[in-house]
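K.L.:
As input, take final26.cif (mmCIF, C-alpha atoms):
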data_data
loop_
_atom_site.label_atom_id
_atom_site.label_comp_id
_atom_site.auth_asym_id
_atom_site.auth_seq_id
_atom_site.Cartn_x
_atom_site.Cartn_y
_atom_site.Cartn_z
CA MET A 87 -0.35 -37.99 -6.34
CA ALA A 88 2.37 -40.64 -6.42
CA ASP A 89 0.58 -42.45 -3.58
CA ARG A 90 -2.65 -42.57 -5.60
CA ALA A 91 -0.78 -43.91 -8.63
CA THR A 92 0.86 -46.62 -6.52
CA ALA A 93 -2.48 -47.59 -4.98
CA PHE A 94 -4.07 -47.68 -8.45
CA GLN A 95 -1.36 -49.99 -9.79
CA ILE A 96 -1.73 -52.40 -6.89
CA HIS A 97 -5.53 -52.35 -6.92
CA PHE A 98 -5.84 -53.02 -10.66
CA ASN A 99 -2.66 -55.10 -11.05
CA LEU A 100 -1.61 -52.73 -13.85
CA PHE A 101 2.00 -51.84 -13.18
CA PHE A 102 3.62 -49.02 -15.12
CA ASN A 103 7.30 -48.81 -16.01
CA ASP A 104 6.97 -45.03 -15.71
CA PRO A 105 4.32 -44.13 -13.11
CA THR A 106 4.44 -40.48 -14.16
CA ILE A 107 2.40 -41.34 -17.26
CA LEU A 108 -0.24 -42.89 -14.99
CA ILE A 109 -0.22 -39.74 -12.86
CA GLN A 110 -0.83 -37.73 -16.04
CA ALA A 111 -3.71 -40.06 -16.98
CA LEU A 112 -5.28 -39.55 -13.56
CA THR A 113 -4.98 -35.76 -13.69
CA ALA A 114 -8.00 -33.79 -14.87
CA PRO A 115 -7.52 -30.65 -16.94
CA GLY A 116 -7.02 -27.61 -14.72
CA ALA A 117 -5.88 -29.56 -11.66
CA LEU A 118 -3.58 -27.73 -9.28
CA GLY A 119 0.15 -28.26 -9.60
CA VAL A 120 -0.01 -29.28 -13.25
CA THR A 121 2.26 -27.55 -15.75
CA THR A 122 -0.26 -27.87 -18.57
CA THR A 123 -3.94 -27.01 -18.44
CA ASP A 124 -4.73 -29.97 -20.71
CA GLY A 125 -4.22 -32.56 -17.97
CA ASN A 126 -5.06 -36.01 -19.32
CA LYS A 127 -6.71 -34.89 -22.59
CA ALA A 128 -3.80 -35.79 -24.89
CA LEU A 129 -3.60 -39.32 -23.47
CA ALA A 130 -7.39 -39.60 -23.67
CA HIS A 131 -7.22 -38.77 -27.37
CA VAL A 132 -4.83 -41.70 -27.84
CA GLY A 133 -6.93 -43.99 -25.64
CA ASP A 134 -10.12 -43.15 -27.54
CA SER A 135 -8.48 -44.16 -30.83
CA LEU A 136 -7.12 -47.36 -29.27
CA LEU A 137 -10.55 -48.37 -27.96
CA ASP A 138 -11.95 -47.77 -31.42
CA LEU A 139 -9.18 -49.91 -32.95
CA ILE A 140 -9.54 -52.88 -30.62
CA LEU A 141 -13.32 -52.94 -30.92
CA ARG A 142 -13.20 -52.67 -34.73
CA ASP A 143 -10.66 -55.47 -34.85
CA GLU A 144 -12.83 -57.69 -32.65
CA GLY A 145 -15.93 -56.91 -34.70
CA TYR A 146 -14.06 -57.79 -37.88
CA SER A 147 -12.90 -61.07 -36.31
CA ARG A 148 -16.53 -61.87 -35.52
CA GLY A 149 -17.55 -61.28 -39.14
CA LEU A 150 -19.88 -58.42 -38.27
CA THR A 151 -20.93 -55.64 -40.60
CA ARG A 152 -19.57 -52.12 -40.22
CA GLY A 153 -22.97 -51.03 -38.96
CA GLN A 154 -23.04 -53.71 -36.27
CA ILE A 155 -19.53 -52.80 -35.18
CA GLU A 156 -20.40 -49.09 -35.05
CA LEU A 157 -23.35 -49.80 -32.75
CA VAL A 158 -21.13 -51.62 -30.26
CA ILE A 159 -18.41 -48.98 -30.43
CA ASP A 160 -20.92 -46.18 -29.89
CA LYS A 161 -22.21 -47.90 -26.74
CA ILE A 162 -18.84 -48.86 -25.22
CA VAL A 163 -16.95 -45.63 -25.84
CA SER A 164 -19.83 -43.31 -24.97
CA ASN A 165 -19.03 -40.95 -22.13
CA LYS A 166 -21.97 -42.39 -20.22
CA ASN A 167 -20.65 -45.96 -20.39
CA LEU A 168 -17.02 -44.98 -19.73
CA ALA A 169 -18.09 -42.97 -16.68
CA LYS A 170 -20.34 -45.78 -15.44
CA ARG A 171 -17.48 -48.28 -15.67
CA GLY A 172 -15.05 -45.86 -14.01
CA VAL A 173 -17.37 -45.25 -11.07
CA ALA A 174 -18.11 -48.99 -10.74
CA LEU A 175 -14.35 -49.62 -10.55
CA GLY A 176 -13.80 -46.82 -8.04
CA ILE A 177 -11.47 -44.88 -10.31
CA ASP A 178 -12.96 -41.61 -9.09
CA GLY A 179 -10.96 -42.07 -5.89
CA TYR A 180 -7.67 -41.89 -7.81
CA ILE A 181 -8.35 -38.78 -9.92
CA ARG A 182 -6.71 -35.42 -9.22
CA ASN A 183 -9.64 -33.16 -10.06
CA ASN A 184 -9.86 -29.54 -11.12
CA PRO A 185 -10.47 -27.56 -7.91
CA SER A 186 -13.35 -25.67 -9.53
CA GLN A 187 -15.19 -29.01 -9.68
CA GLY A 188 -14.79 -29.66 -5.97
CA THR A 189 -14.97 -33.32 -5.04
CA THR A 190 -17.44 -34.17 -7.79
CA ILE A 191 -16.01 -36.11 -10.72
CA SER A 192 -18.11 -35.24 -13.76
CA VAL A 193 -19.15 -37.76 -16.40
CA LYS A 194 -16.82 -36.06 -18.89
CA THR A 195 -13.85 -36.09 -16.49
CA MET A 196 -14.39 -39.78 -15.69
CA ALA A 197 -14.77 -40.72 -19.35
CA THR A 198 -11.65 -38.75 -20.28
CA THR A 199 -9.72 -40.42 -17.46
CA MET A 200 -10.78 -43.90 -18.56
CA GLU A 201 -9.57 -43.18 -22.10
CA ALA A 202 -6.36 -41.66 -20.74
CA ILE A 203 -5.63 -44.78 -18.67
CA VAL A 204 -5.97 -46.91 -21.82
CA GLY A 205 -3.62 -44.61 -23.74
CA ALA A 206 -1.12 -44.38 -20.88
CA TYR A 207 -0.86 -48.12 -20.31
CA PHE A 208 -0.51 -48.87 -24.03
CA ARG A 209 2.29 -46.32 -24.41
CA ASP A 210 4.02 -47.31 -21.18
CA GLN A 211 4.09 -50.98 -22.15
CA GLY A 212 5.86 -50.39 -25.46
CA ARG A 213 2.78 -49.90 -27.64
CA LYS A 214 2.01 -53.61 -27.73
CA PHE A 215 -1.43 -54.85 -28.75
CA GLU A 216 -1.32 -57.35 -25.87
CA SER A 217 -1.05 -54.47 -23.39
CA LEU A 218 -4.05 -52.82 -25.03
CA GLU A 219 -6.04 -56.03 -24.67
CA ARG A 220 -5.01 -56.27 -21.01
CA VAL A 221 -6.00 -52.75 -19.98
CA VAL A 222 -9.29 -52.98 -21.88
CA ARG A 223 -10.09 -56.24 -20.10
CA VAL A 224 -9.15 -54.87 -16.66
CA LEU A 225 -11.34 -51.79 -17.20
CA GLY A 226 -14.24 -53.87 -18.51
CA LEU A 227 -14.33 -52.14 -21.89
CA GLY A 228 -14.08 -55.21 -24.10
CA TRP A 229 -16.64 -56.70 -26.40
CA PRO A 230 -20.01 -57.15 -24.66
CA GLY A 231 -20.63 -60.56 -23.18
CA ASP A 232 -17.00 -61.68 -23.28
CA GLY A 233 -16.78 -62.18 -19.52
CA ASP A 234 -14.96 -58.93 -18.80
CA GLY A 235 -17.44 -57.94 -16.13
CA GLU A 236 -19.64 -55.96 -18.49
CA GLU A 237 -23.05 -57.23 -19.45
CA GLU A 238 -24.33 -57.51 -22.98
CA ILE A 239 -25.01 -54.10 -24.51
#
Go ahead and express the file in the form of structure tokens.
P.N.:
Amino acid sequence: MADRATAFQIHFNLFFNDPTILIQALTAPGALGVTTTDGNKALAHVGDSLLDLILRDEGYSRGLTRGQIELVIDKIVSNKNLAKRGVALGIDGYIRNNPSQGTTISVKTMATTMEAIVGAYFRDQGRKFESLERVVRVLGLGWPGDGDGEEEI
């Protein structure tokens, strides 16, 4: 798994001070050789909240209503969108999957992994907002139409 984490860091130019947190983010619940059955769920919980925070902050900066902001958040952080972005980026090739799932990475597993990567990078980089902005940009999860590789939602 260390080889996958190294390849991930090089491919995405997201280098971790502690690669073990990236390995945790790339590990699906129930994967073999994992001491906890939760896998990346705890980091995903953090990442989900961070995505919500950065998108709310951006919506506020744009002077949008709460309703307008909620619509964008619902689209960007939906499992469908997170999984679509993860597959487009090739992140499925880095995930240590649950053996009961075979080689198929489910929408839920991909979405959870995307959130976990956000949480892992933020924590690894000293919980700095700039690191959150960076990982969101690299994963294409920023505000629609801001040139992050994602089209207008």
K.L.:
From the list A:Ile155, A:Ile162, A:Val222, A:Ile177, which residue is nearest A:Tyr207 when using all atoms listed in the file?
P.N.:
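Closest to A:Tyr207, using all atoms listed in the file: A:Val222.
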K.L.:
Work out how far atom CA of A:Gly176 is from atom CA of A:Phe215, in Å to one decimal.
P.N.:
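Atom-to-atom, atom CA of A:Phe215 to atom CA of A:Gly176, that is 25.4 Å.
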K.L.:
Find the residues near A:Asn126: any atom within 10 Å, counting all atoms listed in the file, skip ones fewer than 6 places away on the same chain, and give them as a list in words.
P.N.:
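The neighbour list is Ile107, Leu108, Ile109, Gln110, Ala111, Leu112, Thr113, Ala114, Pro115, Gly116, Thr195, Thr198, Thr199, Met200, Glu201, Ala202, Ile203, Gly205 and Ala206 of chain A.
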K.L.:
List as a JSON list (two decimals) with C-alpha atoms, in the coordinates of the input the residues having at least one atom at most 12 Å from position (2.7, -51.5, -22.2) as given in the file, counting all atoms listed in the file.
P.N.:
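Contents of the output file selection-v9.json:
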[["chain", "number", "residue", "atom", "x", "y", "z"],
["A", 100, "LEU", "CA", -1.61, -52.73, -13.85],
["A", 101, "PHE", "CA", 2.00, -51.84, -13.18],
["A", 102, "PHE", "CA", 3.62, -49.02, -15.12],
["A", 103, "ASN", "CA", 7.30, -48.81, -16.01],
["A", 104, "ASP", "CA", 6.97, -45.03, -15.71],
["A", 105, "PRO", "CA", 4.32, -44.13, -13.11],
["A", 107, "ILE", "CA", 2.40, -41.34, -17.26],
["A", 108, "LEU", "CA", -0.24, -42.89, -14.99],
["A", 203, "ILE", "CA", -5.63, -44.78, -18.67],
["A", 204, "VAL", "CA", -5.97, -46.91, -21.82],
["A", 205, "GLY", "CA", -3.62, -44.61, -23.74],
["A", 206, "ALA", "CA", -1.12, -44.38, -20.88],
["A", 207, "TYR", "CA", -0.86, -48.12, -20.31],
["A", 208, "PHE", "CA", -0.51, -48.87, -24.03],
["A", 209, "ARG", "CA", 2.29, -46.32, -24.41],
["A", 210, "ASP", "CA", 4.02, -47.31, -21.18],
["A", 211, "GLN", "CA", 4.09, -50.98, -22.15],
["A", 212, "GLY", "CA", 5.86, -50.39, -25.46],
["A", 213, "ARG", "CA", 2.78, -49.90, -27.64],
["A", 214, "LYS", "CA", 2.01, -53.61, -27.73],
["A", 215, "PHE", "CA", -1.43, -54.85, -28.75],
["A", 216, "GLU", "CA", -1.32, -57.35, -25.87],
["A", 217, "SER", "CA", -1.05, -54.47, -23.39],
["A", 218, "LEU", "CA", -4.05, -52.82, -25.03],
["A", 219, "GLU", "CA", -6.04, -56.03, -24.67],
["A", 220, "ARG", "CA", -5.01, -56.27, -21.01],
["A", 221, "VAL", "CA", -6.00, -52.75, -19.98]]
K.L.:
Counting all atoms listed in the file, figure out which residue out of A:Arg152, A:Met87, A:Val158, A:Asp138 gets nearest to A:Trp229.
P.N.:
A:Val158
K.L.:
Evaluate the PyMOL selection byres ((chain A and resi 163) around 10) on the structure here and hand back the selected residues as a ChimeraX atom specification.
P.N.:
/A:134-135,137-138,141,158-162,164-169,197,200-201,227
K.L.:
Separation of atom CA of A:Gln95 and atom CA of A:Gly179, in Å?
P.N.:
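A separation of 13.0 Å between them.
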K.L.:
What is the distance, in Å and to one decimal place, between atom CA of A:Gly145 and atom CA of A:Gly226?
P.N.:
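Between these atoms lies a distance of 16.6 Å.
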K.L.:
Go through A:Glu144, A:Leu136, A:Gln154, A:Tyr180 and flag the residue nearest A:Arg90, using all atoms listed in the file for the distances.
P.N.:
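Answer, going by the shortest atom-to-atom distance: A:Tyr180.
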